[in-house]
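A.B. asks: Below you'll find my_file-v2.txt; it's compact mmCIF, N, CA and C atoms.
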# COMPACT_ATOMS: atom_id res chain seq x y z
N THR A 22 97.42 82.84 88.60
CA THR A 22 97.11 83.65 89.76
C THR A 22 98.39 84.28 90.28
N VAL A 23 98.35 85.55 90.53
CA VAL A 23 99.49 86.26 91.08
C VAL A 23 99.42 86.19 92.59
N GLN A 24 100.53 85.78 93.21
CA GLN A 24 100.57 85.71 94.66
C GLN A 24 101.39 86.88 95.19
N PRO A 25 100.94 87.54 96.26
CA PRO A 25 101.71 88.64 96.82
C PRO A 25 102.91 88.10 97.59
N TYR A 26 103.99 88.86 97.59
CA TYR A 26 105.18 88.49 98.33
C TYR A 26 105.60 89.66 99.19
N SER A 27 105.91 89.37 100.44
CA SER A 27 106.47 90.35 101.34
C SER A 27 107.97 90.08 101.38
N VAL A 28 108.76 91.05 100.97
CA VAL A 28 110.20 90.84 100.83
C VAL A 28 110.93 91.61 101.91
N TYR A 29 111.89 90.93 102.57
CA TYR A 29 112.73 91.55 103.58
C TYR A 29 114.08 91.85 102.94
N GLY A 30 114.48 93.08 102.94
CA GLY A 30 115.77 93.46 102.39
C GLY A 30 115.72 93.62 100.88
N ALA A 31 116.87 93.86 100.30
CA ALA A 31 116.97 94.08 98.86
C ALA A 31 117.07 92.75 98.13
N PRO A 32 116.46 92.67 96.94
CA PRO A 32 116.64 91.47 96.12
C PRO A 32 118.11 91.33 95.73
N MET A 33 118.58 90.10 95.61
CA MET A 33 119.97 89.84 95.26
C MET A 33 120.01 89.13 93.90
N ILE A 34 120.66 89.75 92.93
CA ILE A 34 120.81 89.13 91.61
C ILE A 34 121.91 88.08 91.71
N ILE A 35 121.57 86.82 91.34
CA ILE A 35 122.55 85.74 91.45
C ILE A 35 122.98 85.20 90.09
N GLY A 36 122.44 85.76 89.04
CA GLY A 36 122.81 85.35 87.69
C GLY A 36 121.82 85.92 86.71
N PRO A 37 122.06 85.69 85.42
CA PRO A 37 121.14 86.23 84.42
C PRO A 37 119.71 85.73 84.65
N GLY A 38 118.82 86.67 84.92
CA GLY A 38 117.41 86.31 85.08
C GLY A 38 117.04 85.65 86.38
N ASN A 39 117.92 85.65 87.40
CA ASN A 39 117.61 85.02 88.68
C ASN A 39 117.85 86.00 89.82
N VAL A 40 116.83 86.13 90.68
CA VAL A 40 116.88 87.01 91.83
C VAL A 40 116.48 86.22 93.07
N VAL A 41 117.25 86.39 94.15
CA VAL A 41 116.94 85.72 95.43
C VAL A 41 116.49 86.77 96.43
N VAL A 42 115.43 86.44 97.17
CA VAL A 42 114.90 87.31 98.22
C VAL A 42 114.56 86.47 99.45
N ILE A 43 114.46 87.15 100.59
CA ILE A 43 113.88 86.54 101.79
C ILE A 43 112.43 86.97 101.81
N ASN A 44 111.53 86.01 101.81
CA ASN A 44 110.09 86.26 101.75
C ASN A 44 109.47 86.06 103.12
N GLY A 45 108.81 87.09 103.62
CA GLY A 45 108.13 86.97 104.91
C GLY A 45 108.92 87.63 106.02
N PRO A 46 108.50 87.45 107.26
CA PRO A 46 109.17 88.11 108.38
C PRO A 46 110.60 87.62 108.53
N ALA A 47 111.52 88.55 108.68
CA ALA A 47 112.93 88.18 108.83
C ALA A 47 113.53 88.77 110.09
N ASN A 48 112.69 89.01 111.07
CA ASN A 48 113.15 89.63 112.30
C ASN A 48 113.23 88.63 113.45
N GLY A 49 113.29 87.35 113.11
CA GLY A 49 113.38 86.32 114.14
C GLY A 49 112.04 85.96 114.74
N SER A 50 110.94 86.56 114.26
CA SER A 50 109.64 86.33 114.86
C SER A 50 108.92 85.12 114.27
N GLY A 51 109.49 84.50 113.24
CA GLY A 51 108.79 83.36 112.66
C GLY A 51 109.49 82.81 111.45
N LEU A 52 108.84 81.83 110.86
CA LEU A 52 109.39 81.19 109.68
C LEU A 52 109.20 82.06 108.45
N ASN A 53 110.11 81.90 107.52
CA ASN A 53 110.01 82.59 106.25
C ASN A 53 110.64 81.70 105.18
N ARG A 54 110.96 82.26 104.03
CA ARG A 54 111.48 81.46 102.93
C ARG A 54 112.60 82.21 102.21
N LEU A 55 113.57 81.46 101.72
CA LEU A 55 114.56 81.97 100.80
C LEU A 55 114.07 81.57 99.42
N VAL A 56 113.82 82.54 98.55
CA VAL A 56 113.14 82.27 97.27
C VAL A 56 114.00 82.74 96.11
N ASN A 57 114.12 81.89 95.08
CA ASN A 57 114.80 82.25 93.84
C ASN A 57 113.73 82.43 92.76
N PHE A 58 113.61 83.66 92.27
CA PHE A 58 112.68 83.95 91.18
C PHE A 58 113.41 83.86 89.85
N ASP A 59 112.85 83.10 88.93
CA ASP A 59 113.34 83.02 87.55
C ASP A 59 112.58 84.10 86.78
N LEU A 60 113.27 85.19 86.44
CA LEU A 60 112.61 86.32 85.79
C LEU A 60 112.28 86.03 84.33
N VAL A 61 113.03 85.15 83.69
CA VAL A 61 112.77 84.81 82.29
C VAL A 61 111.48 83.99 82.19
N GLN A 62 111.36 82.95 83.03
CA GLN A 62 110.18 82.09 83.03
C GLN A 62 109.01 82.68 83.82
N ARG A 63 109.31 83.77 84.57
CA ARG A 63 108.30 84.42 85.42
C ARG A 63 107.69 83.42 86.41
N SER A 64 108.59 82.74 87.14
CA SER A 64 108.15 81.72 88.08
C SER A 64 109.14 81.62 89.24
N VAL A 65 108.75 80.86 90.26
CA VAL A 65 109.65 80.56 91.36
C VAL A 65 110.48 79.36 90.95
N LYS A 66 111.80 79.55 90.91
CA LYS A 66 112.71 78.46 90.53
C LYS A 66 112.84 77.47 91.68
N TRP A 67 113.07 77.99 92.89
CA TRP A 67 113.07 77.17 94.10
C TRP A 67 112.77 78.05 95.30
N SER A 68 112.34 77.39 96.39
CA SER A 68 111.96 78.08 97.61
C SER A 68 112.31 77.18 98.79
N ILE A 69 113.01 77.73 99.78
CA ILE A 69 113.47 76.96 100.94
C ILE A 69 112.87 77.56 102.21
N PRO A 70 112.14 76.76 103.02
CA PRO A 70 111.63 77.28 104.29
C PRO A 70 112.74 77.37 105.32
N GLY A 71 112.61 78.31 106.23
CA GLY A 71 113.58 78.44 107.31
C GLY A 71 113.26 79.64 108.17
N SER A 72 114.27 80.14 108.84
CA SER A 72 114.17 81.34 109.65
C SER A 72 115.32 82.26 109.24
N PHE A 73 115.28 82.70 107.98
CA PHE A 73 116.37 83.45 107.38
C PHE A 73 116.39 84.88 107.91
N ARG A 74 117.61 85.37 108.16
CA ARG A 74 117.80 86.71 108.71
C ARG A 74 118.83 87.44 107.88
N GLN A 75 118.73 88.74 107.88
CA GLN A 75 119.67 89.61 107.17
C GLN A 75 119.62 89.36 105.67
N ALA A 76 120.37 90.11 104.94
CA ALA A 76 120.43 89.95 103.49
C ALA A 76 121.48 88.88 103.16
N PRO A 77 121.15 87.96 102.26
CA PRO A 77 122.13 86.96 101.87
C PRO A 77 123.23 87.58 101.01
N ALA A 78 124.32 86.84 100.83
CA ALA A 78 125.42 87.25 99.96
C ALA A 78 125.66 86.11 98.97
N THR A 79 126.32 86.41 97.86
CA THR A 79 126.59 85.37 96.87
C THR A 79 127.99 85.52 96.30
N ALA A 80 128.59 84.39 95.95
CA ALA A 80 129.89 84.35 95.27
C ALA A 80 130.05 82.98 94.64
N ALA A 81 130.51 82.95 93.40
CA ALA A 81 130.86 81.72 92.70
C ALA A 81 129.78 80.64 92.76
N GLY A 82 128.53 81.03 92.54
CA GLY A 82 127.45 80.06 92.50
C GLY A 82 126.96 79.57 93.85
N THR A 83 127.38 80.23 94.93
CA THR A 83 126.97 79.86 96.28
C THR A 83 126.30 81.05 96.96
N ILE A 84 125.21 80.77 97.66
CA ILE A 84 124.50 81.79 98.45
C ILE A 84 124.85 81.55 99.91
N TYR A 85 125.28 82.60 100.61
CA TYR A 85 125.61 82.53 102.04
C TYR A 85 124.53 83.28 102.79
N THR A 86 123.93 82.61 103.78
CA THR A 86 122.81 83.23 104.49
C THR A 86 122.77 82.76 105.94
N LEU A 87 122.16 83.57 106.80
CA LEU A 87 121.91 83.17 108.18
C LEU A 87 120.52 82.56 108.25
N ASN A 88 120.45 81.36 108.79
CA ASN A 88 119.18 80.66 108.99
C ASN A 88 119.09 80.40 110.48
N GLY A 89 118.32 81.22 111.19
CA GLY A 89 118.35 81.18 112.65
C GLY A 89 119.72 81.67 113.10
N ALA A 90 120.40 80.89 113.93
CA ALA A 90 121.74 81.24 114.39
C ALA A 90 122.82 80.56 113.55
N GLN A 91 122.43 79.87 112.52
CA GLN A 91 123.34 79.05 111.72
C GLN A 91 123.71 79.74 110.41
N LEU A 92 125.00 79.73 110.07
CA LEU A 92 125.46 80.21 108.78
C LEU A 92 125.37 79.05 107.79
N GLU A 93 124.73 79.29 106.64
CA GLU A 93 124.56 78.24 105.64
C GLU A 93 125.13 78.69 104.31
N ALA A 94 125.69 77.75 103.57
CA ALA A 94 126.08 77.94 102.18
C ALA A 94 125.13 77.09 101.36
N ARG A 95 124.47 77.71 100.37
CA ARG A 95 123.48 77.00 99.56
C ARG A 95 123.80 77.16 98.08
N SER A 96 123.50 76.14 97.31
CA SER A 96 123.69 76.18 95.88
C SER A 96 122.74 77.19 95.26
N ALA A 97 123.28 78.08 94.43
CA ALA A 97 122.43 79.04 93.73
C ALA A 97 121.56 78.33 92.69
N ALA A 98 122.00 77.19 92.20
CA ALA A 98 121.26 76.47 91.16
C ALA A 98 119.95 75.88 91.66
N ASP A 99 119.98 75.27 92.85
CA ASP A 99 118.77 74.59 93.33
C ASP A 99 118.44 74.84 94.80
N GLY A 100 119.24 75.64 95.50
CA GLY A 100 118.97 75.96 96.90
C GLY A 100 119.41 74.91 97.89
N SER A 101 119.99 73.81 97.41
CA SER A 101 120.41 72.75 98.33
C SER A 101 121.52 73.25 99.26
N ARG A 102 121.50 72.76 100.49
CA ARG A 102 122.50 73.17 101.47
C ARG A 102 123.81 72.45 101.20
N LEU A 103 124.88 73.23 101.02
CA LEU A 103 126.21 72.69 100.77
C LEU A 103 126.93 72.42 102.08
N TRP A 104 126.78 73.34 103.02
CA TRP A 104 127.34 73.16 104.36
C TRP A 104 126.66 74.15 105.30
N ALA A 105 126.84 73.91 106.61
CA ALA A 105 126.28 74.79 107.63
C ALA A 105 127.24 74.85 108.79
N TRP A 106 127.23 75.96 109.50
CA TRP A 106 128.06 76.13 110.67
C TRP A 106 127.26 76.82 111.76
N LEU A 107 127.24 76.20 112.93
CA LEU A 107 126.55 76.76 114.10
C LEU A 107 127.61 77.04 115.15
N PRO A 108 127.81 78.31 115.49
CA PRO A 108 128.86 78.64 116.48
C PRO A 108 128.53 78.08 117.85
N ASP A 109 129.59 77.79 118.61
CA ASP A 109 129.41 77.36 120.00
C ASP A 109 128.86 78.53 120.81
N GLU A 110 128.11 78.21 121.85
CA GLU A 110 127.62 79.26 122.72
C GLU A 110 128.80 79.90 123.46
N ALA A 111 128.78 81.22 123.58
CA ALA A 111 129.87 81.95 124.25
C ALA A 111 129.61 81.96 125.74
Turn this file's structure into structure tokens for me.

C.D. replies:
Amino acid sequence: TVQPYSVYGAPMIIGPGNVVVINGPANGSGLNRLVNFDLVQRSVKWSIPGSFRQAPATAAGTIYTLNGAQLEARSAADGSRLWAWLPDEA
């Protein structure tokens, strides 16, 4: 069964055959998902729920993304959170 996906922003290529997107509303109005599509297997490699905003960035096997007000670094391999930083209120 093919499931429809609503994608916010441009897909980000993170390696051969792997694309990461933010699925669902990304305007702060609700929960969405950070999704890694395996294009070779034609499947979802991993999917992380959250409140992701803006387009993620990638470098050296790490995905950097805003999840709510928090900056997160996530493993491109499995989506696990490597670290997070929440700024102090100004």

A.B. asks: Within 5 Å of Arg95 of chain A, counting all atoms listed in the file, which residues show up once you throw out same-chain ones fewer than 2 positions away? Write them as a list of chain:residue names, please.

C.D. replies: A:Thr83, A:Ile84, A:Tyr85, A:Glu93, A:Ala97, A:Gly100, A:Ser101, A:Arg102, A:Leu103

A.B. asks: What are the DSSP strand (DSSP E) residues of chain A, as a ChimeraX atom specification?

C.D. replies: /A:28-36,39-44,53-59,64-71,73-80,83-88,91-96,102-106

A.B. asks: Taking into account only C-alpha atoms, which residue in the set A:Ala94, A:Leu87, A:Val61, A:Leu107 is nearest to Ile43 of chain A?

C.D. replies: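 Smallest distance to Ile43 of chain A is found for A:Leu87.
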
A.B. asks: Between A:Gly45, A:Pro77, A:Pro70, A:Asn39, which is the closest to Asn57 of chain A once you count only N, CA and C atoms?

C.D. replies: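 Of the candidates, the smallest distance to Asn57 of chain A is held by A:Asn39.
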
A.B. asks: Have a look at atom CA of Trp106 of chain A and atom CA of Phe73 of chain A and let me know their distance in Å, one decimal.

C.D. replies: 14.2 Å

A.B. asks: To one decimal place, how far is atom C of Asp59 of chain A from atom C of Val40 of chain A in Å?

C.D. replies: 7.7 Å

A.B. asks: Just checking: using only C-alpha atoms, which residue out of A:Leu60, A:Leu52, A:Val41, A:Ile69 ends up closest to Gly89 of chain A?

C.D. replies: A:Leu52

A.B. asks: One number please: atom CA of Asp109 of chain A to atom CA of Ala90 of chain A, in Å, one decimal.

C.D. replies: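 Atom CA of Ala90 of chain A lies 10.3 Å from atom CA of Asp109 of chain A.
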
A.B. asks: Would you kindly return, as a ChimeraX atom specification, each protein, DNA or RNA residue with an atom no farther than 6.5 Å from any atom of Asn88 of chain A, considering only N, CA and C atoms and excluding same-chain residues fewer than 3 positions away?

C.D. replies: /A:71-74,91-93

A.B. asks: When distances are computed from all atoms listed in the file, which of A:Ser68, A:Pro108, A:Ala98, A:Pro32 shows the smallest separation from Gly82 of chain A?

C.D. replies: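 The answer is A:Ala98, which sits nearest to Gly82 of chain A.
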
A.B. asks: Closest to Ala31 of chain A among A:Asn53, A:Gln75, A:Ser64, A:Thr86, using only C-alpha atoms?

C.D. replies: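 So, comparing all the options, the nearest one is A:Gln75.
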
A.B. asks: For Gln62 of chain A, which residue among A:Asp99, A:Met33, A:Glu110, A:Gly38 is the nearest when counting all atoms listed in the file?

C.D. replies: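 Closest residue, counting all atoms listed in the file: A:Gly38.
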